[in-house]
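Note: the block below is work.txt and it holds compact mmCIF, C-alpha atoms and all ligand atoms.
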```txt
# COMPACT_ATOMS: atom_id res chain seq x y z
CA MET I 1 114.97 134.04 98.76
CA LYS I 2 113.46 135.21 95.46
CA ASN I 3 111.41 132.07 94.84
CA ASP I 4 110.39 130.33 98.06
CA VAL I 5 107.28 128.64 96.63
CA PHE I 6 108.80 125.17 97.09
CA LEU I 7 109.71 125.79 100.75
CA LYS I 8 106.28 127.28 101.41
CA ALA I 9 104.60 124.21 99.95
CA CYS I 10 106.77 121.94 102.13
CA ARG I 11 105.37 123.83 105.13
CA ARG I 12 101.83 123.80 103.72
CA GLU I 13 101.70 127.58 103.46
CA PRO I 14 99.70 129.35 100.72
CA VAL I 15 101.48 129.58 97.34
CA PRO I 16 100.69 131.46 94.10
CA TYR I 17 101.11 128.25 92.05
CA THR I 18 102.15 124.62 92.58
CA PRO I 19 105.94 124.37 92.76
CA VAL I 20 107.67 121.79 90.60
CA TRP I 21 111.11 120.17 90.48
CA LEU I 22 112.02 116.80 89.01
CA MET I 23 113.98 113.93 90.42
CA ARG I 24 117.14 113.45 88.33
CA GLN I 25 116.59 116.85 86.72
CA ALA I 26 120.34 116.93 86.07
CA GLY I 27 121.52 114.10 83.89
CA ARG I 28 122.02 112.30 80.67
CA TYR I 29 118.81 113.44 78.95
CA MET I 30 120.37 116.91 78.72
CA LYS I 31 122.93 117.85 76.10
CA GLU I 32 124.73 120.27 78.44
CA TYR I 33 125.27 117.36 80.84
CA MET I 34 126.50 114.98 78.15
CA ASP I 35 129.02 117.55 76.92
CA ILE I 36 130.68 117.51 80.34
CA ARG I 37 130.11 113.78 80.88
CA ALA I 38 132.00 113.05 77.63
CA LYS I 39 135.15 114.30 79.36
CA HIS I 40 134.70 112.99 82.91
CA SER I 41 133.47 109.89 84.72
CA PHE I 42 130.31 110.25 86.80
CA LEU I 43 132.25 109.93 90.08
CA ASP I 44 134.81 112.49 88.97
CA MET I 45 131.96 114.87 88.23
CA CYS I 46 130.61 114.35 91.75
CA ARG I 47 134.07 114.79 93.27
CA THR I 48 134.89 118.04 91.46
CA PRO I 49 132.91 120.83 93.14
CA GLU I 50 133.08 123.18 90.11
CA ILE I 51 131.57 120.50 87.87
CA ALA I 52 128.96 119.36 90.40
CA CYS I 53 127.99 123.02 90.84
CA GLU I 54 127.68 123.64 87.10
CA VAL I 55 125.60 120.49 86.52
CA THR I 56 123.31 121.35 89.45
CA LEU I 57 122.58 124.71 87.84
CA GLN I 58 121.92 123.43 84.30
CA PRO I 59 118.29 122.41 84.90
CA VAL I 60 117.63 125.56 86.93
CA ARG I 61 118.65 127.69 83.94
CA ARG I 62 117.04 125.55 81.31
CA LEU I 63 113.76 124.46 82.94
CA ASN I 64 112.63 127.19 85.34
CA VAL I 65 112.11 124.64 88.14
CA ASP I 66 111.30 125.89 91.63
CA ALA I 67 114.18 124.10 93.37
CA ALA I 68 117.70 122.94 92.64
CA ILE I 69 118.91 119.53 93.84
CA ILE I 70 122.61 119.11 94.44
CA PHE I 71 124.35 116.95 91.86
CA ALA I 72 125.62 114.02 93.93
CA ASP I 73 124.69 110.43 94.68
CA ILE I 74 123.28 108.39 97.53
CA LEU I 75 126.39 106.17 97.25
CA LEU I 76 129.01 108.88 97.85
CA PRO I 77 129.35 107.99 101.57
CA LEU I 78 130.57 104.50 100.64
CA GLU I 79 134.22 105.41 100.17
CA GLY I 80 134.41 106.84 103.69
CA MET I 81 132.63 103.74 105.00
CA GLY I 82 135.50 101.67 103.62
CA ILE I 83 133.49 100.25 100.71
CA GLU I 84 134.89 100.37 97.18
CA LEU I 85 132.47 101.85 94.67
CA GLU I 86 132.76 101.95 90.90
CA PHE I 87 130.36 102.83 88.14
CA ALA I 88 130.91 100.23 85.45
CA LYS I 89 130.05 101.32 81.92
CA ASN I 90 126.27 101.09 81.44
CA GLU I 91 125.93 98.84 84.46
CA GLY I 92 125.30 101.27 87.28
CA PRO I 93 127.05 100.99 90.63
CA VAL I 94 129.33 98.04 91.38
CA ILE I 95 130.73 97.33 94.85
CA ASN I 96 133.70 95.02 94.96
CA ASN I 97 133.65 94.24 98.68
CA PRO I 98 129.95 93.86 99.60
CA ILE I 99 128.97 93.70 103.27
CA ARG I 100 127.73 90.21 104.10
CA GLY I 101 128.79 89.10 107.60
CA ALA I 102 129.52 90.26 111.16
CA ALA I 103 133.17 91.15 110.47
CA ASP I 104 132.19 93.25 107.42
CA ILE I 105 129.53 95.06 109.43
CA ASP I 106 131.91 95.81 112.29
CA ALA I 107 134.45 97.16 109.83
CA VAL I 108 132.04 99.73 108.35
CA ARG I 109 133.26 103.19 109.29
CA VAL I 110 130.79 105.85 110.33
CA ILE I 111 131.72 108.76 108.08
CA GLU I 112 132.86 112.23 109.01
CA PRO I 113 131.33 114.27 106.21
CA GLU I 114 133.76 117.21 106.36
CA ASN I 115 136.60 114.78 105.61
CA ASP I 116 134.90 112.04 103.65
CA VAL I 117 132.57 114.00 101.35
CA TRP I 118 134.23 117.43 101.56
CA TYR I 119 133.75 117.87 97.80
CA LEU I 120 129.96 117.56 98.13
CA LEU I 121 129.85 120.15 100.89
CA GLU I 122 132.07 122.45 98.85
CA ALA I 123 129.78 121.98 95.83
CA ILE I 124 126.79 122.95 97.98
CA ARG I 125 128.55 126.11 99.14
CA MET I 126 129.39 127.01 95.53
CA VAL I 127 125.84 126.38 94.30
CA LYS I 128 124.43 128.54 97.07
CA LYS I 129 126.69 131.36 96.09
CA GLU I 130 125.80 131.06 92.39
CA LEU I 131 122.08 130.80 93.07
CA SER I 132 122.21 133.76 95.43
CA GLY I 133 118.71 132.99 96.62
CA ALA I 134 117.07 132.45 93.21
CA VAL I 135 115.58 129.09 94.28
CA PRO I 136 116.18 126.81 97.27
CA LEU I 137 118.69 123.97 97.17
CA ILE I 138 117.70 120.41 98.11
CA GLY I 139 120.22 118.00 99.62
CA PHE I 140 119.60 114.25 99.74
CA SER I 141 120.63 110.84 100.94
CA GLY I 142 119.54 107.27 100.50
CA ALA I 143 117.27 105.91 103.22
CA PRO I 144 118.98 103.32 105.42
CA PHE I 145 117.27 100.38 103.67
CA THR I 146 118.12 101.47 100.12
CA LEU I 147 121.74 102.11 101.11
CA ALA I 148 121.91 98.75 102.90
CA SER I 149 120.57 96.98 99.83
CA TYR I 150 123.39 98.37 97.65
CA ILE I 151 126.20 97.58 100.04
CA ILE I 152 124.92 94.07 100.78
CA GLU I 153 124.06 93.11 97.19
CA GLY I 154 127.12 94.83 95.74
CA GLY I 155 125.00 96.80 93.28
CA GLY I 156 121.46 96.97 91.99
CA SER I 157 119.31 93.89 92.49
CA LYS I 158 116.20 92.16 91.25
CA ASN I 159 115.33 89.89 94.17
CA TYR I 160 117.43 91.23 97.09
CA ILE I 161 118.45 87.72 98.09
CA HIS I 162 121.48 88.74 100.16
CA THR I 163 119.72 91.71 101.75
CA LYS I 164 116.68 89.71 102.76
CA GLY I 165 118.95 86.81 103.67
CA LEU I 166 120.60 88.95 106.33
CA MET I 167 117.29 90.46 107.41
CA TYR I 168 115.44 87.15 107.73
CA GLY I 169 118.34 84.91 108.71
CA GLU I 170 120.47 87.10 110.96
CA PRO I 171 118.16 89.78 112.31
CA ARG I 172 120.60 90.84 115.05
CA LEU I 173 123.28 91.54 112.47
CA TRP I 174 120.74 93.34 110.30
CA HIS I 175 119.85 95.66 113.16
CA ARG I 176 123.52 96.25 113.94
CA LEU I 177 124.21 97.30 110.35
CA MET I 178 121.09 99.48 110.12
CA GLU I 179 122.06 101.35 113.31
CA LYS I 180 125.37 102.28 111.71
CA ILE I 181 123.87 103.27 108.38
CA THR I 182 121.23 105.37 110.11
CA GLU I 183 123.92 107.38 111.85
CA ILE I 184 125.75 107.79 108.53
CA THR I 185 122.55 109.02 106.88
CA ARG I 186 121.92 111.47 109.69
CA ARG I 187 125.44 112.89 109.44
CA TYR I 188 125.36 113.02 105.64
CA LEU I 189 122.11 115.01 105.65
CA ASN I 190 123.03 117.38 108.45
CA ALA I 191 126.39 118.16 106.87
CA GLN I 192 124.57 119.13 103.67
CA ILE I 193 122.24 121.35 105.69
CA GLU I 194 125.19 122.89 107.50
CA ALA I 195 126.74 123.66 104.08
CA GLY I 196 123.52 125.37 102.93
CA ALA I 197 120.88 122.87 101.76
CA GLU I 198 117.45 124.29 102.64
CA ALA I 199 115.49 121.02 102.43
CA VAL I 200 116.47 117.36 102.18
CA GLN I 201 115.00 114.31 100.52
CA ILE I 202 115.52 110.74 101.69
CA PHE I 203 115.35 108.25 98.81
CA ASP I 204 113.99 104.85 99.81
CA SER I 205 113.89 103.84 96.18
CA TRP I 206 113.83 100.09 96.78
CA ALA I 207 111.76 99.80 99.99
CA GLY I 208 108.87 98.51 97.92
CA CYS I 209 110.51 95.10 97.56
CA LEU I 210 109.39 94.45 101.14
CA GLY I 211 105.99 93.50 102.48
CA PRO I 212 104.38 95.76 105.08
CA ASP I 213 105.32 93.66 108.13
CA ASP I 214 108.98 93.48 107.17
CA TYR I 215 109.04 97.18 106.35
CA ARG I 216 107.59 97.90 109.80
CA GLU I 217 110.00 95.66 111.70
CA PHE I 218 113.26 96.04 109.79
CA VAL I 219 113.11 99.44 108.09
CA LEU I 220 110.64 101.86 109.66
CA PRO I 221 112.52 102.37 112.97
CA TYR I 222 115.66 103.42 111.09
CA THR I 223 114.09 105.72 108.52
CA LYS I 224 112.21 107.31 111.39
CA LYS I 225 115.36 107.77 113.43
CA ALA I 226 117.24 109.23 110.45
CA ILE I 227 114.43 111.72 109.82
CA GLU I 228 114.16 112.64 113.50
CA GLY I 229 117.90 113.28 113.49
CA VAL I 230 117.68 115.96 110.81
CA LYS I 231 118.19 119.50 112.06
CA LYS I 232 114.85 120.92 113.18
CA GLY I 233 113.08 123.40 110.94
CA VAL I 234 114.51 121.98 107.70
CA PRO I 235 111.81 120.29 105.59
CA VAL I 236 112.35 116.58 104.99
CA ILE I 237 110.85 114.75 102.01
CA ASN I 238 110.30 111.04 102.71
CA PHE I 239 110.31 109.45 99.25
CA SER I 240 109.86 105.80 98.36
CA THR I 241 108.55 103.79 95.44
CA ASN I 242 106.31 100.73 95.20
CA THR I 243 105.05 101.31 98.73
CA GLY I 244 101.52 102.33 97.70
CA THR I 245 99.92 99.43 99.57
CA TYR I 246 101.40 100.52 102.91
CA LEU I 247 101.71 104.30 102.81
CA ASP I 248 100.03 104.29 106.23
CA ILE I 249 103.24 102.72 107.61
CA VAL I 250 105.62 104.77 105.45
CA LYS I 251 104.12 107.98 106.79
CA GLU I 252 104.92 106.83 110.33
CA ALA I 253 108.58 107.31 109.44
CA GLY I 254 107.84 111.03 109.38
CA GLY I 255 108.91 113.81 107.09
CA ASP I 256 107.11 117.06 106.37
CA VAL I 257 106.47 115.82 102.83
CA VAL I 258 105.80 112.27 101.63
CA GLY I 259 106.89 111.53 98.05
CA VAL I 260 104.77 109.02 96.15
CA ASP I 261 105.15 107.24 92.81
CA TRP I 262 102.56 106.97 90.00
CA ARG I 263 101.26 103.55 91.06
CA VAL I 264 98.89 105.28 93.48
CA ARG I 265 96.26 107.93 92.88
CA LEU I 266 97.48 111.17 94.44
CA ASP I 267 94.13 111.89 96.12
CA LYS I 268 93.95 108.45 97.73
CA ALA I 269 97.59 108.59 98.74
CA TRP I 270 97.09 111.99 100.38
CA GLN I 271 94.07 110.70 102.27
CA ILE I 272 96.19 107.89 103.71
CA ILE I 273 99.18 110.10 104.45
CA GLY I 274 96.91 112.71 106.02
CA HIS I 275 96.25 116.25 104.90
CA ASP I 276 98.37 117.52 107.77
CA LYS I 277 101.42 116.51 105.72
CA ALA I 278 102.53 117.80 102.33
CA ILE I 279 102.73 115.43 99.35
CA GLN I 280 105.12 115.27 96.39
CA GLY I 281 104.44 113.60 93.08
CA ASN I 282 103.51 111.80 91.01
CA LEU I 283 103.55 111.84 87.19
CA ASP I 284 104.72 108.65 85.47
CA PRO I 285 108.16 109.60 84.03
CA VAL I 286 107.19 107.83 80.80
CA ALA I 287 104.46 110.44 80.23
CA LEU I 288 107.30 112.85 79.40
CA PHE I 289 107.92 110.95 76.17
CA GLY I 290 104.65 112.40 74.90
CA PRO I 291 102.40 113.02 73.13
CA LEU I 292 102.18 116.43 74.77
CA GLY I 293 98.38 116.44 74.84
CA GLU I 294 98.43 113.23 76.84
CA MET I 295 101.11 114.58 79.19
CA GLU I 296 98.95 117.65 79.77
CA LYS I 297 95.88 115.54 80.51
CA ARG I 298 97.80 113.52 83.09
CA THR I 299 99.38 116.63 84.63
CA LYS I 300 95.98 118.24 84.95
CA ALA I 301 94.55 115.08 86.52
CA ILE I 302 97.24 115.16 89.21
CA LEU I 303 96.67 118.85 89.92
CA ASP I 304 92.92 118.18 90.12
CA MET I 305 93.49 115.38 92.60
CA ALA I 306 95.58 117.75 94.72
CA GLY I 307 92.54 120.02 94.51
CA GLY I 308 94.39 123.24 95.33
CA ARG I 309 95.00 121.97 98.87
CA LEU I 310 98.00 123.45 100.71
CA GLY I 311 101.15 121.38 100.43
CA HIS I 312 101.37 119.82 96.96
CA ILE I 313 104.78 119.75 95.29
CA PHE I 314 104.61 118.56 91.71
CA ASN I 315 107.24 116.01 90.70
CA LEU I 316 107.54 112.75 88.81
CA GLY I 317 106.86 109.46 90.56
CA HIS I 318 110.55 108.59 90.05
CA GLY I 319 113.54 110.04 88.20
CA ILE I 320 113.66 111.35 84.64
CA ILE I 321 114.51 108.54 82.23
CA VAL I 322 117.50 108.76 79.87
CA GLY I 323 116.22 109.64 76.40
CA THR I 324 113.43 111.93 77.62
CA PRO I 325 113.07 114.89 75.22
CA VAL I 326 114.29 117.95 77.10
CA GLU I 327 111.70 120.19 75.41
CA ASN I 328 108.95 118.05 76.93
CA VAL I 329 110.49 118.46 80.37
CA LYS I 330 110.48 122.22 79.90
CA ALA I 331 106.88 122.04 78.65
CA LEU I 332 105.89 120.09 81.77
CA VAL I 333 107.32 122.71 84.14
CA ASP I 334 105.53 125.50 82.24
CA MET I 335 102.31 123.47 82.21
CA VAL I 336 102.35 122.94 85.98
CA HIS I 337 102.96 126.64 86.57
CA THR I 338 100.20 127.74 84.19
CA LEU I 339 97.57 125.16 85.11
CA SER I 340 98.02 125.68 88.84
CA ALA I 341 98.23 129.49 88.93
CA ARG I 342 95.94 130.61 91.72
CA GLY I 343 95.55 134.22 90.61
CA SER I 344 96.13 136.83 93.29
O1 LIG S 401 118.00 114.63 90.87
C1 LIG S 401 119.11 115.11 90.57
O2 LIG S 401 119.29 115.82 89.56
C2 LIG S 401 120.30 114.82 91.47
C3 LIG S 401 121.05 113.75 91.03
C4 LIG S 401 120.93 112.33 91.55
C5 LIG S 401 121.78 111.34 91.06
N1 LIG S 401 121.61 110.21 91.80
C6 LIG S 401 122.72 111.53 89.98
C7 LIG S 401 123.11 110.38 89.15
C8 LIG S 401 120.15 111.75 92.56
C9 LIG S 401 119.02 112.35 93.37
C10 LIG S 401 120.60 110.41 92.71
C11 LIG S 401 120.09 109.47 93.72
C12 LIG S 401 120.33 108.04 93.55
N2 LIG S 401 121.48 107.41 93.17
C13 LIG S 401 119.37 107.04 93.84
C14 LIG S 401 118.02 107.30 94.37
C15 LIG S 401 117.19 107.92 93.30
C16 LIG S 401 116.40 106.97 92.52
O3 LIG S 401 116.53 107.02 91.27
O4 LIG S 401 115.63 106.26 93.11
C17 LIG S 401 119.95 105.80 93.55
C18 LIG S 401 119.27 104.48 93.65
C19 LIG S 401 121.28 106.05 93.15
C20 LIG S 401 122.32 105.06 92.81
C21 LIG S 401 122.72 105.20 91.40
N3 LIG S 401 123.49 106.24 90.91
C22 LIG S 401 122.38 104.35 90.33
C23 LIG S 401 121.51 103.13 90.44
C24 LIG S 401 122.98 104.90 89.19
C25 LIG S 401 122.99 104.33 87.80
C26 LIG S 401 121.73 104.79 87.19
C27 LIG S 401 121.77 104.85 85.73
O5 LIG S 401 120.75 105.29 85.20
O6 LIG S 401 122.79 104.47 85.09
C28 LIG S 401 123.63 106.09 89.56
C29 LIG S 401 124.36 106.99 88.65
C30 LIG S 401 123.83 108.37 88.55
N4 LIG S 401 123.45 109.13 89.61
C31 LIG S 401 123.74 109.14 87.35
C32 LIG S 401 123.29 110.40 87.75
C33 LIG S 401 123.09 111.61 86.86
C34 LIG S 401 124.11 108.68 85.96
C35 LIG S 401 125.57 108.83 85.86
C36 LIG S 401 126.10 108.93 84.46
O7 LIG S 401 126.22 110.07 83.95
O8 LIG S 401 126.45 107.88 83.89
```
Give the structure from the file, written as structure tokens.
Amino acid sequence: MKNDVFLKACRREPVPYTPVWLMRQAGRYMKEYMDIRAKHSFLDMCRTPEIACEVTLQPVRRLNVDAAIIFADILLPLEGMGIELEFAKNEGPVINNPIRGAADIDAVRVIEPENDVWYLLEAIRMVKKELSGAVPLIGFSGAPFTLASYIIEGGGSKNYIHTKGLMYGEPRLWHRLMEKITEITRRYLNAQIEAGAEAVQIFDSWAGCLGPDDYREFVLPYTKKAIEGVKKGVPVINFSTNTGTYLDIVKEAGGDVVGVDWRVRLDKAWQIIGHDKAIQGNLDPVALFGPLGEMEKRTKAILDMAGGRLGHIFNLGHGIIVGTPVENVKALVDMVHTLSARGS
């Protein structure tokens, strides 16, 4: 591996500078992406290995990031689970047959990745070949809760009324569904590792809609089990948002790296997570809109809070927002590299 700075940081080994990659580094803020997207739907892009491979590599070429993340989605397992997924124009994911009761839950199929998401695994193999060790490749999945919230609500949600309805009203059914999704997550991640992913991230993007006691009872056991099920020796990033008030519980789910959003100070978050774990984060994605001087000040503040300690991976607190100027994204990556250079 030519650049293993990211993997070293995951393992809290010494690095010459702080590695950086960005959630949603491939996407609609980039002209190269939009040129392809103009001709294909998002799901078709995911399901065509050559396109997924090309789009994965775009930010690596353009931005000089220290890791690639496979172009895919947390919702790709749905088809194999027997759940119909569409991306409606400008509306995000829409699920026509949401999972609401016992019969729906029993009908959910546990996927076989080599059959059900073969195109993703093929894309990973192609990316690995193209990268030929330039930077590591990250695979990913949704965490069981975030996946459950989509399939129960039928899409994105503001108040999670159906999800919490099942959780609070029918806890036995909730647990039955979460057991299944956890196994799906475990298989989805391990298949990506088998195909060549060198690290994986679990996105619990919506866990923060829960209070700490509900997170502990209804979510933690499953995220923990999914993480424990990942092939040993492969770094796992446990990412969530809006969980700053109970990071002490989130860290119990495990992971070599805990990803945090910008609603917490990185130094405080790291204290809670423990310095025996690596941390990823946590610039506010809106800071990328500029001005550049302000972005630099905030970037420096985060690096200062990390204090040169082993195991900081620079990232945003959540994904890049559509409309972000690509030159600012490039400037951020350069800034992190320059400001954090340790000298040798
Ligand atoms: O980081 C990367 O470059 C990899 C790409 C990636 C995508 N989705 C591509 C994508 C990753 C890591 C994801 C994960 C994902 N997908 C999450 C968790 C991450 C997070 O943001 O918290 C979630 C919740 C999803 C589900 C999903 N997929 C939603 C809600 C949407 C609509 C979002 C939107 O902005 O419209 C998607 C679509 C999606 N996934 C796009 C991309 C590039 C946009 C598709 C398009 O071109 O229209």
Residue among I:Trp174, I:Phe218, I:Phe239, I:Tyr33 lying closest to I:Gln201, counting all atoms listed in the file: I:Phe239
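Pairwise distance (atom CA of I:Phe42, atom C36 of ligand LIG 401 (chain S)) equals 5.0 Å.
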Which polymer residues have any atom within 10 Å of an atom of I:Leu210, counting all atoms listed in the file, with same-chain residues fewer than 4 positions away left out, as a ChimeraX atom specification? /I:160,164,206,214-216,218-219,242-243
If we count only C-alpha atoms, what is near I:Pro144 at a cut-off of 7 Å, once residues fewer than 6 positions away on the same chain are taken out, given as a list in words? Met178, Ile181, Thr182, Thr185, Tyr222 and Thr223 of chain I
Store the residues picked out above in a file with C-alpha atoms, as a short mmCIF file (atom, residue, chain, number, x, y, z; two decimals), in the coordinates of the input.
```
data_model
loop_
_atom_site.label_atom_id
_atom_site.label_comp_id
_atom_site.auth_asym_id
_atom_site.auth_seq_id
_atom_site.Cartn_x
_atom_site.Cartn_y
_atom_site.Cartn_z
CA MET I 178 121.09 99.48 110.12
CA ILE I 181 123.87 103.27 108.38
CA THR I 182 121.23 105.37 110.11
CA THR I 185 122.55 109.02 106.88
CA TYR I 222 115.66 103.42 111.09
CA THR I 223 114.09 105.72 108.52
#
```
Env. residues ligand LIG 401 (chain S) / 6 Å / all atoms listed in the file / as a VMD selection string: chain I and resid 23 to 28 42 69 to 74 92 to 93 203 205 319
Expected file contents, prior selection, C-alpha atoms, as a PDB file, keeping the file's coordinate frame:
```pdb
ATOM      1  CA  MET I  23     113.980 113.930  90.420  1.00  0.00           C
ATOM      2  CA  ARG I  24     117.140 113.450  88.330  1.00  0.00           C
ATOM      3  CA  GLN I  25     116.590 116.850  86.720  1.00  0.00           C
ATOM      4  CA  ALA I  26     120.340 116.930  86.070  1.00  0.00           C
ATOM      5  CA  GLY I  27     121.520 114.100  83.890  1.00  0.00           C
ATOM      6  CA  ARG I  28     122.020 112.300  80.670  1.00  0.00           C
ATOM      7  CA  PHE I  42     130.310 110.250  86.800  1.00  0.00           C
ATOM      8  CA  ILE I  69     118.910 119.530  93.840  1.00  0.00           C
ATOM      9  CA  ILE I  70     122.610 119.110  94.440  1.00  0.00           C
ATOM     10  CA  PHE I  71     124.350 116.950  91.860  1.00  0.00           C
ATOM     11  CA  ALA I  72     125.620 114.020  93.930  1.00  0.00           C
ATOM     12  CA  ASP I  73     124.690 110.430  94.680  1.00  0.00           C
ATOM     13  CA  ILE I  74     123.280 108.390  97.530  1.00  0.00           C
ATOM     14  CA  GLY I  92     125.300 101.270  87.280  1.00  0.00           C
ATOM     15  CA  PRO I  93     127.050 100.990  90.630  1.00  0.00           C
ATOM     16  CA  PHE I 203     115.350 108.250  98.810  1.00  0.00           C
ATOM     17  CA  SER I 205     113.890 103.840  96.180  1.00  0.00           C
ATOM     18  CA  GLY I 319     113.540 110.040  88.200  1.00  0.00           C
TER      19      GLY I 319
END
```
Distance of atom CA of I:Ala226 from atom CA of I:Ala107, expressed in Å to one decimal place: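 Between these atoms lies a distance of 21.0 Å.
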Using only C-alpha atoms for the distances, tell me which of I:Val110, I:Ala301, I:Val336, I:Cys46 is nearest to I:Asp267. I:Ala301
Compute the distance from (128.8, 94.0, 109.8) to each atom, counting all atoms listed in the file, keep the residues with any atom at most 10 Å away, and return them as a ChimeraX atom specification; use the coordinates of the file. /I:99-108,152,173-178,180
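Here atom CA of I:Pro285 is placed at a distance of 21.4 Å from atom CA of I:Gly139.
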Within 12 Å of I:Ile272 using all atoms listed in the file, minus same-chain residues under 6 positions, as an mmCIF file with C-alpha atoms, in the coordinates of the input:
```cif
data_model
loop_
_atom_site.group_PDB
_atom_site.id
_atom_site.type_symbol
_atom_site.label_atom_id
_atom_site.label_comp_id
_atom_site.auth_asym_id
_atom_site.auth_seq_id
_atom_site.Cartn_x
_atom_site.Cartn_y
_atom_site.Cartn_z
ATOM 1 C CA GLY I 244 101.520 102.330 97.700
ATOM 2 C CA THR I 245 99.920 99.430 99.570
ATOM 3 C CA TYR I 246 101.400 100.520 102.910
ATOM 4 C CA LEU I 247 101.710 104.300 102.810
ATOM 5 C CA ASP I 248 100.030 104.290 106.230
ATOM 6 C CA ILE I 249 103.240 102.720 107.610
ATOM 7 C CA VAL I 250 105.620 104.770 105.450
ATOM 8 C CA LYS I 251 104.120 107.980 106.790
ATOM 9 C CA GLU I 252 104.920 106.830 110.330
ATOM 10 C CA VAL I 258 105.800 112.270 101.630
ATOM 11 C CA VAL I 260 104.770 109.020 96.150
ATOM 12 C CA VAL I 264 98.890 105.280 93.480
ATOM 13 C CA ARG I 265 96.260 107.930 92.880
ATOM 14 C CA LEU I 266 97.480 111.170 94.440
ATOM 15 C CA ALA I 278 102.530 117.800 102.330
ATOM 16 C CA ILE I 279 102.730 115.430 99.350
#
```
Which residue, I:Arg11, I:Arg186, I:His162, I:Arg263, has the smallest gap to I:Ser240 when you use all atoms listed in the file?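 Ranked by minimum distance to I:Ser240, first place goes to I:Arg263.
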